[in-house]
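What follows is the content of run.cif (mmCIF, C-alpha atoms and all ligand atoms).
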data_final
#
loop_
_atom_site.label_atom_id
_atom_site.label_comp_id
_atom_site.auth_asym_id
_atom_site.auth_seq_id
_atom_site.Cartn_x
_atom_site.Cartn_y
_atom_site.Cartn_z
CA MET S 1 -6.21 -11.61 -2.87
CA ASP S 2 -3.06 -9.89 -1.57
CA PHE S 3 -3.87 -6.27 -0.72
CA ASN S 4 -0.32 -5.28 0.21
CA LEU S 5 1.23 -2.75 -2.09
CA SER S 6 4.47 -3.78 -3.79
CA ASP S 7 7.68 -1.84 -3.13
CA SER S 8 7.35 0.02 -6.43
CA GLN S 9 3.70 0.90 -5.69
CA LYS S 10 4.71 2.22 -2.25
CA MET S 11 7.52 4.25 -3.81
CA LEU S 12 5.09 5.75 -6.31
CA GLN S 13 2.63 6.51 -3.50
CA ASN S 14 5.28 8.37 -1.50
CA MET S 15 6.49 10.22 -4.58
CA VAL S 16 2.98 11.35 -5.60
CA LYS S 17 2.19 12.34 -2.01
CA GLU S 18 5.25 14.58 -1.91
CA ILE S 19 4.63 16.12 -5.34
CA ALA S 20 0.95 16.64 -4.51
CA LEU S 21 1.71 18.40 -1.24
CA LYS S 22 4.54 20.55 -2.57
CA GLU S 23 3.43 21.41 -6.09
CA VAL S 24 -0.32 20.80 -6.43
CA ALA S 25 -1.83 21.64 -3.02
CA PRO S 26 -0.78 25.32 -2.98
CA ARG S 27 -3.10 26.08 -5.93
CA ALA S 28 -6.07 23.89 -4.89
CA ALA S 29 -8.20 26.46 -3.06
CA GLU S 30 -7.64 29.08 -5.77
CA VAL S 31 -8.54 26.62 -8.55
CA ASP S 32 -11.79 25.87 -6.72
CA ARG S 33 -12.57 29.50 -5.94
CA THR S 34 -12.03 30.77 -9.48
CA GLY S 35 -13.12 27.62 -11.32
CA SER S 36 -10.02 28.01 -13.47
CA PHE S 37 -8.32 25.14 -15.27
CA PRO S 38 -5.11 24.29 -13.34
CA LEU S 39 -2.69 24.35 -16.28
CA GLU S 40 0.33 24.67 -13.99
CA ASN S 41 -0.72 21.54 -12.08
CA VAL S 42 -1.13 19.64 -15.35
CA LYS S 43 2.43 20.66 -16.29
CA VAL S 44 3.60 19.27 -12.94
CA LEU S 45 1.84 15.95 -13.70
CA ALA S 46 3.48 15.82 -17.13
CA LYS S 47 6.91 16.64 -15.67
CA TYR S 48 6.77 13.61 -13.36
CA ASN S 49 5.15 11.30 -15.96
CA LEU S 50 1.99 11.05 -13.85
CA LEU S 51 -0.23 11.41 -16.92
CA GLY S 52 0.93 8.06 -18.24
CA VAL S 53 1.14 5.85 -15.15
CA PRO S 54 -0.76 2.74 -16.40
CA PHE S 55 0.55 2.76 -19.98
CA PRO S 56 3.43 0.70 -21.41
CA VAL S 57 6.89 2.27 -21.57
CA GLU S 58 7.06 1.48 -25.30
CA TYR S 59 4.15 3.93 -25.81
CA GLY S 60 5.59 6.66 -23.60
CA GLY S 61 3.97 5.58 -20.33
CA ALA S 62 5.45 4.83 -16.92
CA GLY S 63 4.89 1.09 -17.39
CA ALA S 64 3.03 0.73 -14.10
CA ASP S 65 -0.31 -0.96 -13.43
CA MET S 66 -3.92 -0.04 -12.65
CA VAL S 67 -3.28 -0.24 -8.89
CA SER S 68 -0.59 2.42 -9.41
CA TYR S 69 -3.04 4.49 -11.46
CA ALA S 70 -5.55 4.28 -8.57
CA ILE S 71 -2.87 5.24 -6.03
CA THR S 72 -1.87 8.24 -8.15
CA ILE S 73 -5.44 9.54 -8.45
CA GLU S 74 -6.09 8.91 -4.75
CA GLU S 75 -3.02 10.86 -3.63
CA LEU S 76 -3.73 13.78 -5.97
CA ALA S 77 -7.39 13.84 -4.88
CA GLN S 78 -6.32 14.29 -1.28
CA VAL S 79 -5.00 17.73 -2.15
CA CYS S 80 -6.85 18.84 -5.31
CA ALA S 81 -9.75 16.77 -6.65
CA SER S 82 -9.99 18.87 -9.82
CA THR S 83 -6.37 18.10 -10.73
CA ALA S 84 -6.84 14.42 -9.85
CA PHE S 85 -9.94 14.26 -12.02
CA ILE S 86 -8.19 15.92 -14.99
CA CYS S 87 -5.43 13.31 -14.66
CA ALA S 88 -7.97 10.47 -14.38
CA VAL S 89 -10.02 11.54 -17.41
CA HIS S 90 -6.92 12.19 -19.51
CA ALA S 91 -6.31 8.43 -19.28
CA VAL S 92 -9.74 7.51 -20.71
CA PRO S 93 -9.06 8.31 -24.40
CA ALA S 94 -5.68 6.65 -23.87
CA PHE S 95 -7.46 3.50 -22.61
CA CYS S 96 -9.55 3.55 -25.83
CA LEU S 97 -6.37 3.62 -27.90
CA GLN S 98 -4.52 1.10 -25.75
CA LEU S 99 -7.37 -1.41 -25.89
CA SER S 100 -8.66 -0.86 -29.43
CA GLY S 101 -6.29 1.36 -31.42
CA SER S 102 -4.18 0.22 -34.37
CA GLU S 103 -0.42 -0.02 -33.92
CA GLU S 104 -0.06 3.21 -35.93
CA GLN S 105 -2.61 5.01 -33.70
CA LYS S 106 -0.86 3.77 -30.56
CA ARG S 107 2.56 4.92 -31.82
CA ARG S 108 1.23 8.34 -32.75
CA TYR S 109 -1.55 9.24 -30.31
CA LEU S 110 -1.25 6.94 -27.29
CA THR S 111 2.43 7.85 -27.02
CA GLN S 112 1.68 11.58 -26.98
CA LEU S 113 -0.99 11.09 -24.30
CA ALA S 114 1.05 8.71 -22.17
CA ASN S 115 4.22 10.83 -22.24
CA GLY S 116 2.17 13.87 -21.25
CA SER S 117 3.08 16.01 -24.26
CA LYS S 118 -0.62 16.12 -25.22
CA LEU S 119 -3.72 16.23 -23.04
CA GLY S 120 -6.69 13.98 -23.80
CA ALA S 121 -10.49 14.10 -23.62
CA PHE S 122 -13.28 11.56 -23.98
CA ALA S 123 -16.31 12.98 -25.80
CA LEU S 124 -19.39 10.79 -25.46
CA THR S 125 -22.10 12.75 -23.60
CA GLU S 126 -24.55 14.95 -25.53
CA PRO S 127 -27.38 17.23 -24.42
CA ASN S 128 -29.94 14.44 -24.99
CA ALA S 129 -27.70 11.44 -24.33
CA GLY S 130 -26.14 11.08 -20.88
CA SER S 131 -26.79 7.76 -19.14
CA ASP S 132 -28.38 6.57 -22.39
CA ALA S 133 -25.15 6.84 -24.37
CA ALA S 134 -26.58 4.83 -27.27
CA ALA S 135 -28.92 7.76 -28.00
CA ILE S 136 -26.13 10.05 -29.27
CA GLN S 137 -27.03 12.12 -32.33
CA THR S 138 -23.56 13.14 -33.53
CA GLU S 139 -23.03 11.70 -37.00
CA ALA S 140 -19.97 10.70 -38.97
CA LYS S 141 -20.24 10.23 -42.74
CA LEU S 142 -17.50 8.73 -44.86
CA GLU S 143 -16.76 10.99 -47.87
CA GLY S 144 -13.84 9.73 -49.92
CA ASP S 145 -10.84 9.42 -47.60
CA GLU S 146 -12.39 11.48 -44.83
CA TYR S 147 -15.07 11.21 -42.18
CA VAL S 148 -17.23 14.32 -41.78
CA LEU S 149 -18.45 14.77 -38.20
CA ASN S 150 -21.45 16.85 -37.15
CA GLY S 151 -22.90 17.20 -33.67
CA SER S 152 -22.48 18.64 -30.18
CA LYS S 153 -21.00 17.13 -27.05
CA CYS S 154 -21.38 18.56 -23.56
CA PHE S 155 -19.82 18.26 -20.10
CA ILE S 156 -16.59 17.06 -21.71
CA THR S 157 -13.73 17.18 -19.21
CA ASN S 158 -10.65 19.09 -20.43
CA ALA S 159 -12.72 20.63 -23.26
CA GLY S 160 -10.72 23.29 -25.05
CA TYR S 161 -7.54 22.37 -23.16
CA ALA S 162 -7.15 18.84 -24.49
CA ASP S 163 -5.22 18.25 -27.70
CA ILE S 164 -6.59 14.80 -28.56
CA TYR S 165 -10.32 13.98 -28.38
CA VAL S 166 -11.78 10.52 -28.71
CA VAL S 167 -15.21 11.38 -30.11
CA PHE S 168 -18.15 9.01 -30.45
CA ALA S 169 -20.50 9.40 -33.41
CA SER S 170 -23.03 7.34 -35.29
CA THR S 171 -21.91 5.98 -38.64
CA ASP S 172 -25.24 4.20 -39.14
CA LYS S 173 -28.26 5.47 -37.23
CA SER S 174 -30.40 2.55 -38.39
CA LYS S 175 -28.20 0.25 -36.29
CA GLY S 176 -28.66 2.20 -33.03
CA ALA S 177 -26.01 1.24 -30.44
CA ARG S 178 -24.28 -0.98 -33.01
CA GLY S 179 -23.94 1.96 -35.38
CA ILE S 180 -21.74 4.02 -33.06
CA SER S 181 -18.05 4.46 -33.91
CA ALA S 182 -15.05 6.03 -32.17
CA PHE S 183 -12.79 8.65 -33.78
CA ILE S 184 -9.63 10.56 -32.98
CA VAL S 185 -10.09 14.31 -33.45
CA GLU S 186 -7.16 16.65 -32.89
CA ARG S 187 -7.52 20.19 -31.61
CA GLY S 188 -6.90 22.65 -34.41
CA VAL S 189 -8.70 20.66 -37.09
CA LYS S 190 -11.22 22.71 -39.09
CA GLY S 191 -14.78 22.30 -37.84
CA LEU S 192 -13.86 21.56 -34.21
CA SER S 193 -14.68 24.30 -31.72
CA PHE S 194 -15.55 24.71 -28.06
CA GLY S 195 -18.60 26.25 -26.44
CA ARG S 196 -19.68 27.02 -22.93
CA ILE S 197 -17.75 25.73 -19.91
CA GLU S 198 -20.06 24.72 -17.03
CA ASP S 199 -19.83 26.74 -13.80
CA LYS S 200 -20.07 23.78 -11.43
CA LEU S 201 -20.69 22.98 -7.76
CA GLY S 202 -17.67 20.70 -7.44
CA LEU S 203 -14.57 19.67 -9.39
CA ARG S 204 -14.66 23.30 -10.42
CA GLY S 205 -11.27 23.32 -12.12
CA SER S 206 -11.87 20.47 -14.54
CA ALA S 207 -13.26 22.54 -17.46
CA ASN S 208 -16.39 20.67 -18.45
CA GLY S 209 -17.62 22.10 -21.68
CA GLU S 210 -19.14 21.76 -25.09
CA VAL S 211 -17.25 20.19 -27.97
CA LEU S 212 -18.82 21.29 -31.24
CA LEU S 213 -18.33 19.50 -34.54
CA ARG S 214 -19.45 21.36 -37.66
CA ASP S 215 -18.47 19.64 -40.91
CA CYS S 216 -15.36 18.54 -39.10
CA ARG S 217 -13.23 16.52 -41.54
CA ILE S 218 -10.78 13.94 -40.28
CA PRO S 219 -8.76 11.30 -42.14
CA LYS S 220 -10.53 7.95 -42.34
CA GLU S 221 -7.50 6.43 -40.57
CA ASN S 222 -8.72 8.20 -37.40
CA LEU S 223 -11.49 5.62 -36.94
CA ILE S 224 -10.62 3.51 -33.86
CA GLY S 225 -11.34 -0.17 -34.42
CA ARG S 226 -14.10 -0.78 -36.94
CA GLU S 227 -17.34 1.04 -37.66
CA GLY S 228 -19.98 0.05 -35.12
CA GLU S 229 -17.49 -0.82 -32.38
CA GLY S 230 -17.66 2.60 -30.71
CA LEU S 231 -19.92 1.76 -27.78
CA ARG S 232 -17.95 -1.37 -26.95
CA ILE S 233 -14.75 0.73 -27.03
CA ALA S 234 -16.33 3.38 -24.78
CA LEU S 235 -17.64 0.85 -22.25
CA ALA S 236 -14.30 -0.99 -22.03
CA ALA S 237 -12.52 2.32 -21.38
CA LEU S 238 -15.19 3.31 -18.84
CA ASP S 239 -14.60 0.10 -16.85
CA ARG S 240 -11.03 1.33 -16.32
CA ALA S 241 -12.14 4.93 -15.84
CA ARG S 242 -14.38 3.82 -12.96
CA ILE S 243 -11.32 2.62 -11.07
CA GLY S 244 -10.03 6.19 -11.40
CA GLY S 245 -13.41 7.57 -10.32
CA ALA S 246 -13.43 5.28 -7.28
CA ALA S 247 -9.89 6.36 -6.37
CA LEU S 248 -11.00 9.98 -6.67
CA GLY S 249 -13.73 9.30 -4.10
CA VAL S 250 -11.31 7.50 -1.77
CA GLY S 251 -8.83 10.39 -1.95
CA ILE S 252 -11.46 13.06 -1.24
CA ALA S 253 -12.85 11.00 1.66
CA GLN S 254 -9.38 10.41 3.13
CA ALA S 255 -8.65 14.15 3.00
CA ALA S 256 -11.93 14.87 4.81
CA LEU S 257 -11.19 12.23 7.45
CA ASN S 258 -7.70 13.64 8.04
CA ALA S 259 -9.09 17.17 8.38
CA ALA S 260 -11.83 16.00 10.77
CA LYS S 261 -9.35 14.14 13.00
CA ASP S 262 -6.99 17.14 13.17
CA TYR S 263 -9.82 19.49 13.97
CA ALA S 264 -11.40 17.22 16.60
CA LYS S 265 -8.09 16.98 18.47
CA LYS S 266 -7.61 20.76 18.51
CA ARG S 267 -11.13 22.10 19.03
CA VAL S 268 -11.88 22.53 22.74
CA GLN S 269 -15.47 22.70 24.00
CA PHE S 270 -16.75 22.05 27.51
CA GLY S 271 -13.12 22.15 28.67
CA GLN S 272 -11.80 19.32 26.49
CA PRO S 273 -10.99 18.51 22.86
CA ILE S 274 -14.13 17.40 21.07
CA ALA S 275 -12.15 14.25 20.08
CA ASN S 276 -12.74 13.10 23.68
CA LEU S 277 -16.49 13.01 23.07
CA GLN S 278 -17.79 9.58 22.19
CA ALA S 279 -20.23 11.02 19.65
CA ILE S 280 -17.27 12.43 17.68
CA GLN S 281 -15.17 9.29 18.20
CA PHE S 282 -17.91 7.07 16.78
CA MET S 283 -18.30 9.34 13.78
CA ILE S 284 -14.53 9.20 13.14
CA ALA S 285 -14.57 5.40 13.56
CA ASP S 286 -17.34 5.03 10.97
CA MET S 287 -15.62 7.43 8.58
CA ALA S 288 -12.32 5.54 8.83
CA THR S 289 -14.03 2.17 8.32
CA ARG S 290 -15.87 3.41 5.24
CA VAL S 291 -12.74 4.92 3.68
CA GLU S 292 -10.81 1.70 4.22
CA ALA S 293 -13.60 -0.42 2.69
CA ALA S 294 -13.85 1.88 -0.34
CA ARG S 295 -10.08 1.71 -0.81
CA LEU S 296 -10.07 -2.09 -0.67
CA LEU S 297 -12.87 -2.32 -3.26
CA THR S 298 -10.94 0.08 -5.49
CA TYR S 299 -7.64 -1.80 -5.22
CA ARG S 300 -9.43 -5.10 -5.78
CA ALA S 301 -10.98 -3.89 -9.04
CA ALA S 302 -7.60 -2.49 -10.13
CA ARG S 303 -5.81 -5.72 -9.26
CA LEU S 304 -8.31 -7.81 -11.23
CA ALA S 305 -7.72 -5.53 -14.22
CA ASP S 306 -3.96 -5.98 -13.80
CA GLU S 307 -4.40 -9.77 -13.69
CA GLY S 308 -6.34 -9.64 -16.96
CA LYS S 309 -9.50 -10.91 -15.25
CA ARG S 310 -13.04 -9.56 -15.67
CA PHE S 311 -13.60 -6.53 -13.46
CA THR S 312 -16.67 -4.70 -14.86
CA ARG S 313 -18.78 -5.60 -11.81
CA GLU S 314 -15.99 -4.88 -9.33
CA ALA S 315 -15.16 -1.51 -10.92
CA ALA S 316 -18.85 -0.52 -10.77
CA MET S 317 -19.03 -1.61 -7.11
CA ALA S 318 -15.87 0.33 -6.25
CA LYS S 319 -17.09 3.47 -8.03
CA LEU S 320 -20.58 3.24 -6.50
CA TYR S 321 -19.36 2.62 -2.97
CA ALA S 322 -16.45 5.09 -3.04
CA SER S 323 -18.70 7.87 -4.32
CA GLU S 324 -21.22 7.24 -1.53
CA VAL S 325 -18.44 7.07 1.05
CA ALA S 326 -16.95 10.31 -0.24
CA MET S 327 -20.32 12.04 0.17
CA LYS S 328 -21.04 10.63 3.64
CA VAL S 329 -17.53 11.18 5.01
CA THR S 330 -17.26 14.75 3.70
CA VAL S 331 -20.68 15.64 5.15
CA ASP S 332 -19.55 14.20 8.50
CA ALA S 333 -16.28 16.14 8.30
CA VAL S 334 -18.27 19.36 7.83
CA GLN S 335 -20.41 18.39 10.84
CA ILE S 336 -17.33 17.82 13.01
CA HIS S 337 -16.05 21.27 12.04
CA GLY S 338 -19.31 22.84 13.25
CA GLY S 339 -19.86 26.34 11.85
CA TYR S 340 -16.30 26.47 10.53
CA GLY S 341 -17.17 23.53 8.31
CA LEU S 342 -19.29 25.88 6.22
CA SER S 343 -16.55 28.48 5.98
CA LYS S 344 -14.51 28.78 2.79
CA ASP S 345 -11.49 29.33 5.07
CA TRP S 346 -11.52 25.59 5.75
CA PRO S 347 -11.19 22.95 3.03
CA VAL S 348 -13.95 20.55 4.11
CA GLU S 349 -16.79 22.37 2.34
CA ARG S 350 -14.76 22.03 -0.90
CA TYR S 351 -14.32 18.31 -0.27
CA MET S 352 -18.09 17.99 0.19
CA ARG S 353 -18.84 19.78 -3.10
CA ASP S 354 -16.20 17.76 -4.96
CA ALA S 355 -17.60 14.51 -3.50
CA LYS S 356 -21.05 15.11 -5.01
CA ALA S 357 -19.60 15.05 -8.51
CA VAL S 358 -18.09 11.59 -7.99
CA ALA S 359 -21.57 10.02 -7.95
CA ILE S 360 -22.30 11.47 -11.41
CA ILE S 361 -19.10 11.16 -13.44
CA GLU S 362 -18.31 8.05 -15.51
CA GLY S 363 -21.87 6.78 -15.06
CA THR S 364 -24.15 7.83 -12.21
CA SER S 365 -24.67 5.67 -9.12
CA GLU S 366 -27.91 4.40 -10.65
CA ILE S 367 -26.03 3.23 -13.75
CA GLN S 368 -23.42 1.50 -11.55
CA ARG S 369 -26.29 -0.30 -9.80
CA LEU S 370 -27.67 -1.39 -13.19
CA VAL S 371 -24.24 -2.79 -14.15
CA ILE S 372 -23.91 -4.63 -10.82
CA ALA S 373 -27.48 -5.97 -10.90
CA ARG S 374 -27.05 -7.19 -14.48
CA SER S 375 -24.04 -9.19 -13.39
CA GLU S 376 -25.69 -10.49 -10.20
CA LEU S 377 -28.83 -11.62 -12.01
CA ALA S 378 -27.16 -13.04 -15.12
C1 LIG C 1 -17.91 16.74 -13.63
C2 LIG C 1 -18.38 15.97 -14.81
C3 LIG C 1 -17.46 15.51 -15.75
C4 LIG C 1 -17.89 14.82 -16.88
N1 LIG C 1 -16.98 14.46 -17.84
C5 LIG C 1 -17.41 13.85 -18.97
C6 LIG C 1 -16.48 13.52 -20.01
O1 LIG C 1 -15.28 13.77 -19.91
N2 LIG C 1 -16.96 12.91 -21.13
C7 LIG C 1 -18.27 12.61 -21.28
O2 LIG C 1 -18.62 12.06 -22.32
N3 LIG C 1 -19.19 12.93 -20.32
C8 LIG C 1 -18.78 13.54 -19.18
N4 LIG C 1 -19.68 13.87 -18.19
C9 LIG C 1 -21.08 13.56 -18.38
C10 LIG C 1 -21.52 12.41 -17.48
O3 LIG C 1 -20.99 11.21 -17.96
C11 LIG C 1 -23.03 12.44 -17.42
O4 LIG C 1 -23.40 13.60 -16.70
C12 LIG C 1 -23.61 11.21 -16.76
O5 LIG C 1 -23.37 10.08 -17.55
C13 LIG C 1 -25.11 11.35 -16.53
O6 LIG C 1 -25.76 11.82 -17.66
P1 LIG C 1 -26.77 13.07 -17.55
O7 LIG C 1 -26.06 14.13 -16.80
O8 LIG C 1 -27.26 13.37 -18.90
O9 LIG C 1 -27.93 12.55 -16.62
P2 LIG C 1 -29.20 11.66 -17.08
O10 LIG C 1 -28.72 10.49 -17.86
O11 LIG C 1 -30.21 12.54 -17.69
O12 LIG C 1 -29.72 11.16 -15.68
C14 LIG C 1 -30.54 11.95 -14.82
C15 LIG C 1 -30.90 11.09 -13.61
O13 LIG C 1 -31.65 9.94 -14.05
C16 LIG C 1 -31.00 8.75 -13.62
N5 LIG C 1 -31.16 7.71 -14.62
C17 LIG C 1 -30.96 7.80 -15.96
N6 LIG C 1 -31.17 6.62 -16.55
C18 LIG C 1 -31.50 5.75 -15.57
C19 LIG C 1 -31.85 4.37 -15.55
N7 LIG C 1 -31.89 3.63 -16.67
N8 LIG C 1 -32.16 3.80 -14.36
C20 LIG C 1 -32.12 4.53 -13.22
N9 LIG C 1 -31.80 5.85 -13.18
C21 LIG C 1 -31.50 6.44 -14.34
C22 LIG C 1 -29.54 9.14 -13.46
O14 LIG C 1 -28.84 8.25 -12.60
C23 LIG C 1 -29.66 10.54 -12.89
O15 LIG C 1 -29.90 10.47 -11.52
C24 LIG C 1 -19.27 14.56 -17.06
C25 LIG C 1 -20.18 15.00 -16.10
C26 LIG C 1 -19.76 15.71 -15.00
C27 LIG C 1 -20.76 16.20 -14.00
#

Would you mind writing the file's structure down as structure tokens?
Amino acid sequence: MDFNLSDSQKMLQNMVKEIALKEVAPRAAEVDRTGSFPLENVKVLAKYNLLGVPFPVEYGGAGADMVSYAITIEELAQVCASTAFICAVHAVPAFCLQLSGSEEQKRRYLTQLANGSKLGAFALTEPNAGSDAAAIQTEAKLEGDEYVLNGSKCFITNAGYADIYVVFASTDKSKGARGISAFIVERGVKGLSFGRIEDKLGLRGSANGEVLLRDCRIPKENLIGREGEGLRIALAALDRARIGGAALGVGIAQAALNAAKDYAKKRVQFGQPIANLQAIQFMIADMATRVEAARLLTYRAARLADEGKRFTREAAMAKLYASEVAMKVTVDAVQIHGGYGLSKDWPVERYMRDAKAVAIIEGTSEIQRLVIARSELA
């Protein structure tokens, strides 16, 4: 497999790096400190069409590929993981529509998501259904020409800020996982409201909150695919989302590595920069090796997706490994900074808190291991 980036992928990488540094980075520490949703950063992403990178031009996207999507998330994550995560999750409902939506749904909703005029959210998790997504209790009943949705979602990224929600609900509880269906719910529709936003350890700007459905009526045309296909639609979108999650981990880890290298070269102890100490050098060497390996796994999964090959196992491996690398590398970066590593005046403690979230989003590390083991033992 050729791991070299194409000219257009390199151009995108340079462009996102520049935008991220100039227009996203200045707000990153404040977004983390206040836990506020970075609306201005989202506008920047929309302005440069970074919310629609992997979607076809005919549906408002940039017409690039999944490798480009990974590069975009990685570059954004190097400066503001919350903004990168918002961008990554925005693509998940769009993946649902791209892979399973009708032509009419793609024209109307995918286009608005891909051109950045509307923000998206993916509403699967419930208070009693996290890893066990098939246990969701939200119900959708067909009444005439409308579905009536009732239930509560939690931890939903972009909750309250998103305009278009892909919501999963059971249309037939007797069928369990095969009774789950996917629906498009637009903000502003009667019966849709938003509850508490979590005050989180990491990814503090991403607005993870409750999405409440109380006799929420939507046209029956808002069903994606057919009744009972919801879980399949969610899992297919999550395969792609995990490439974004992996890229998020790679970006956070790269930022921590860069910070650690800079600091080690400048910090003088015992009459010399600590970068001269072999203990620090070995730590940096291991950090760099891990980041590179995580990046290669991520690009490989993305490339397989672009080639139309199966990539469920590879996306799970990339997400699992990149999240573990992000945690290890950020902890090491804090260690290299000594006491200053714990100070909010330096960014590495933020990287460490953001890294923890990567092992939980889009399926925990344990769920990634289940996916990988299932494939290995099949
Ligand atoms: C920052 C953030 C953003 C999120 N964004 C969204 C979103 O946009 N949309 C959405 O729908 N959800 C979202 N979530 C929810 C997320 O998908 C869930 O938190 C995740 O799937 C885990 O579910 P849970 O928190 O209920 O943990 P649980 O499922 O209760 O798991 C608790 C622990 O048990 C382990 N465990 C569970 N089952 C097994 C098993 N079979 N084998 C081994 N170990 C197991 C887990 O790995 C974990 O360690 C988000 C969560 C976070 C933190």

List as a Markdown table every residue of chain S that is in contact with ligand LIG 1 (chain C), defined as an atom at most 7 Å from one of its atoms (using only C-alpha atoms and all ligand atoms), together with the nearest atom pair and the distance in Å rounded to one decimal, sorted by chain and then rising number.
| residue | atom | partner | partner_atom | distance |
| --- | --- | --- | --- | --- |
| S:Val89 | CA | C:LIG1 | O1 | 6.2 |
| S:Ala121 | CA | C:LIG1 | O1 | 6.1 |
| S:Phe122 | CA | C:LIG1 | N2 | 4.8 |
| S:Ala123 | CA | C:LIG1 | O2 | 4.3 |
| S:Leu124 | CA | C:LIG1 | O2 | 3.5 |
| S:Thr125 | CA | C:LIG1 | O2 | 3.8 |
| S:Pro127 | CA | C:LIG1 | O8 | 6.7 |
| S:Asn128 | CA | C:LIG1 | O8 | 6.7 |
| S:Ala129 | CA | C:LIG1 | O8 | 5.8 |
| S:Gly130 | CA | C:LIG1 | O8 | 3.2 |
| S:Ser131 | CA | C:LIG1 | O10 | 3.6 |
| S:Asp132 | CA | C:LIG1 | O10 | 6.0 |
| S:Cys154 | CA | C:LIG1 | N3 | 6.9 |
| S:Phe155 | CA | C:LIG1 | N4 | 4.8 |
| S:Ile156 | CA | C:LIG1 | C6 | 3.9 |
| S:Thr157 | CA | C:LIG1 | O1 | 3.8 |
| S:Leu203 | CA | C:LIG1 | C1 | 6.1 |
| S:Asn208 | CA | C:LIG1 | C3 | 5.9 |
| S:Ala357 | CA | C:LIG1 | C1 | 5.7 |
| S:Ile360 | CA | C:LIG1 | C12 | 5.5 |
| S:Ile361 | CA | C:LIG1 | C25 | 4.8 |
| S:Glu362 | CA | C:LIG1 | O3 | 4.8 |
| S:Gly363 | CA | C:LIG1 | O5 | 4.4 |
| S:Thr364 | CA | C:LIG1 | O14 | 4.7 |
| S:Ser365 | CA | C:LIG1 | O14 | 6.0 |
| S:Glu366 | CA | C:LIG1 | O14 | 4.4 |
| S:Ile367 | CA | C:LIG1 | O14 | 5.9 |
| S:Leu370 | CA | C:LIG1 | N8 | 7.0 |

Just to be explicit: take each residue in the selection above, keep C-alpha atoms, and write the result as a PDB file, in the frame of the given file.
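Generated file (result.pdb):
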ATOM      1  CA  VAL S  89     -10.020  11.540 -17.410  1.00  0.00           C
ATOM      2  CA  ALA S 121     -10.490  14.100 -23.620  1.00  0.00           C
ATOM      3  CA  PHE S 122     -13.280  11.560 -23.980  1.00  0.00           C
ATOM      4  CA  ALA S 123     -16.310  12.980 -25.800  1.00  0.00           C
ATOM      5  CA  LEU S 124     -19.390  10.790 -25.460  1.00  0.00           C
ATOM      6  CA  THR S 125     -22.100  12.750 -23.600  1.00  0.00           C
ATOM      7  CA  PRO S 127     -27.380  17.230 -24.420  1.00  0.00           C
ATOM      8  CA  ASN S 128     -29.940  14.440 -24.990  1.00  0.00           C
ATOM      9  CA  ALA S 129     -27.700  11.440 -24.330  1.00  0.00           C
ATOM     10  CA  GLY S 130     -26.140  11.080 -20.880  1.00  0.00           C
ATOM     11  CA  SER S 131     -26.790   7.760 -19.140  1.00  0.00           C
ATOM     12  CA  ASP S 132     -28.380   6.570 -22.390  1.00  0.00           C
ATOM     13  CA  CYS S 154     -21.380  18.560 -23.560  1.00  0.00           C
ATOM     14  CA  PHE S 155     -19.820  18.260 -20.100  1.00  0.00           C
ATOM     15  CA  ILE S 156     -16.590  17.060 -21.710  1.00  0.00           C
ATOM     16  CA  THR S 157     -13.730  17.180 -19.210  1.00  0.00           C
ATOM     17  CA  LEU S 203     -14.570  19.670  -9.390  1.00  0.00           C
ATOM     18  CA  ASN S 208     -16.390  20.670 -18.450  1.00  0.00           C
ATOM     19  CA  ALA S 357     -19.600  15.050  -8.510  1.00  0.00           C
ATOM     20  CA  ILE S 360     -22.300  11.470 -11.410  1.00  0.00           C
ATOM     21  CA  ILE S 361     -19.100  11.160 -13.440  1.00  0.00           C
ATOM     22  CA  GLU S 362     -18.310   8.050 -15.510  1.00  0.00           C
ATOM     23  CA  GLY S 363     -21.870   6.780 -15.060  1.00  0.00           C
ATOM     24  CA  THR S 364     -24.150   7.830 -12.210  1.00  0.00           C
ATOM     25  CA  SER S 365     -24.670   5.670  -9.120  1.00  0.00           C
ATOM     26  CA  GLU S 366     -27.910   4.400 -10.650  1.00  0.00           C
ATOM     27  CA  ILE S 367     -26.030   3.230 -13.750  1.00  0.00           C
ATOM     28  CA  LEU S 370     -27.670  -1.390 -13.190  1.00  0.00           C
TER      29      LEU S 370
END

Taking only residues of region 171-261 of chain S that have an atom at most 10 Å from an atom of region 294-304 of chain S, what is each one's shortest atom pair and its distance in Å to one decimal, using only C-alpha atoms, in chain and number order, as a Markdown table?
| residue | atom | partner | partner_atom | distance |
| --- | --- | --- | --- | --- |
| S:Asp239 | CA | S:Ala301 | CA | 9.5 |
| S:Arg240 | CA | S:Ala302 | CA | 8.0 |
| S:Arg242 | CA | S:Thr298 | CA | 9.0 |
| S:Ile243 | CA | S:Thr298 | CA | 6.1 |
| S:Gly244 | CA | S:Thr298 | CA | 8.5 |
| S:Gly245 | CA | S:Thr298 | CA | 9.2 |
| S:Ala246 | CA | S:Thr298 | CA | 6.0 |
| S:Ala247 | CA | S:Thr298 | CA | 6.4 |
| S:Leu248 | CA | S:Thr298 | CA | 10.0 |
| S:Gly249 | CA | S:Ala294 | CA | 8.3 |
| S:Val250 | CA | S:Arg295 | CA | 6.0 |
| S:Gly251 | CA | S:Arg295 | CA | 8.8 |
| S:Ala253 | CA | S:Ala294 | CA | 9.4 |
| S:Gln254 | CA | S:Arg295 | CA | 9.6 |

Do you know which residues lie at most 12 Å from (-0.4, 1.7, -32.9), with coordinates as in the file and only C-alpha atoms counted, and could you write them as an NGL selection string?
:S and (58-59 or 94 or 96-112 or 221-222 or 224-225)
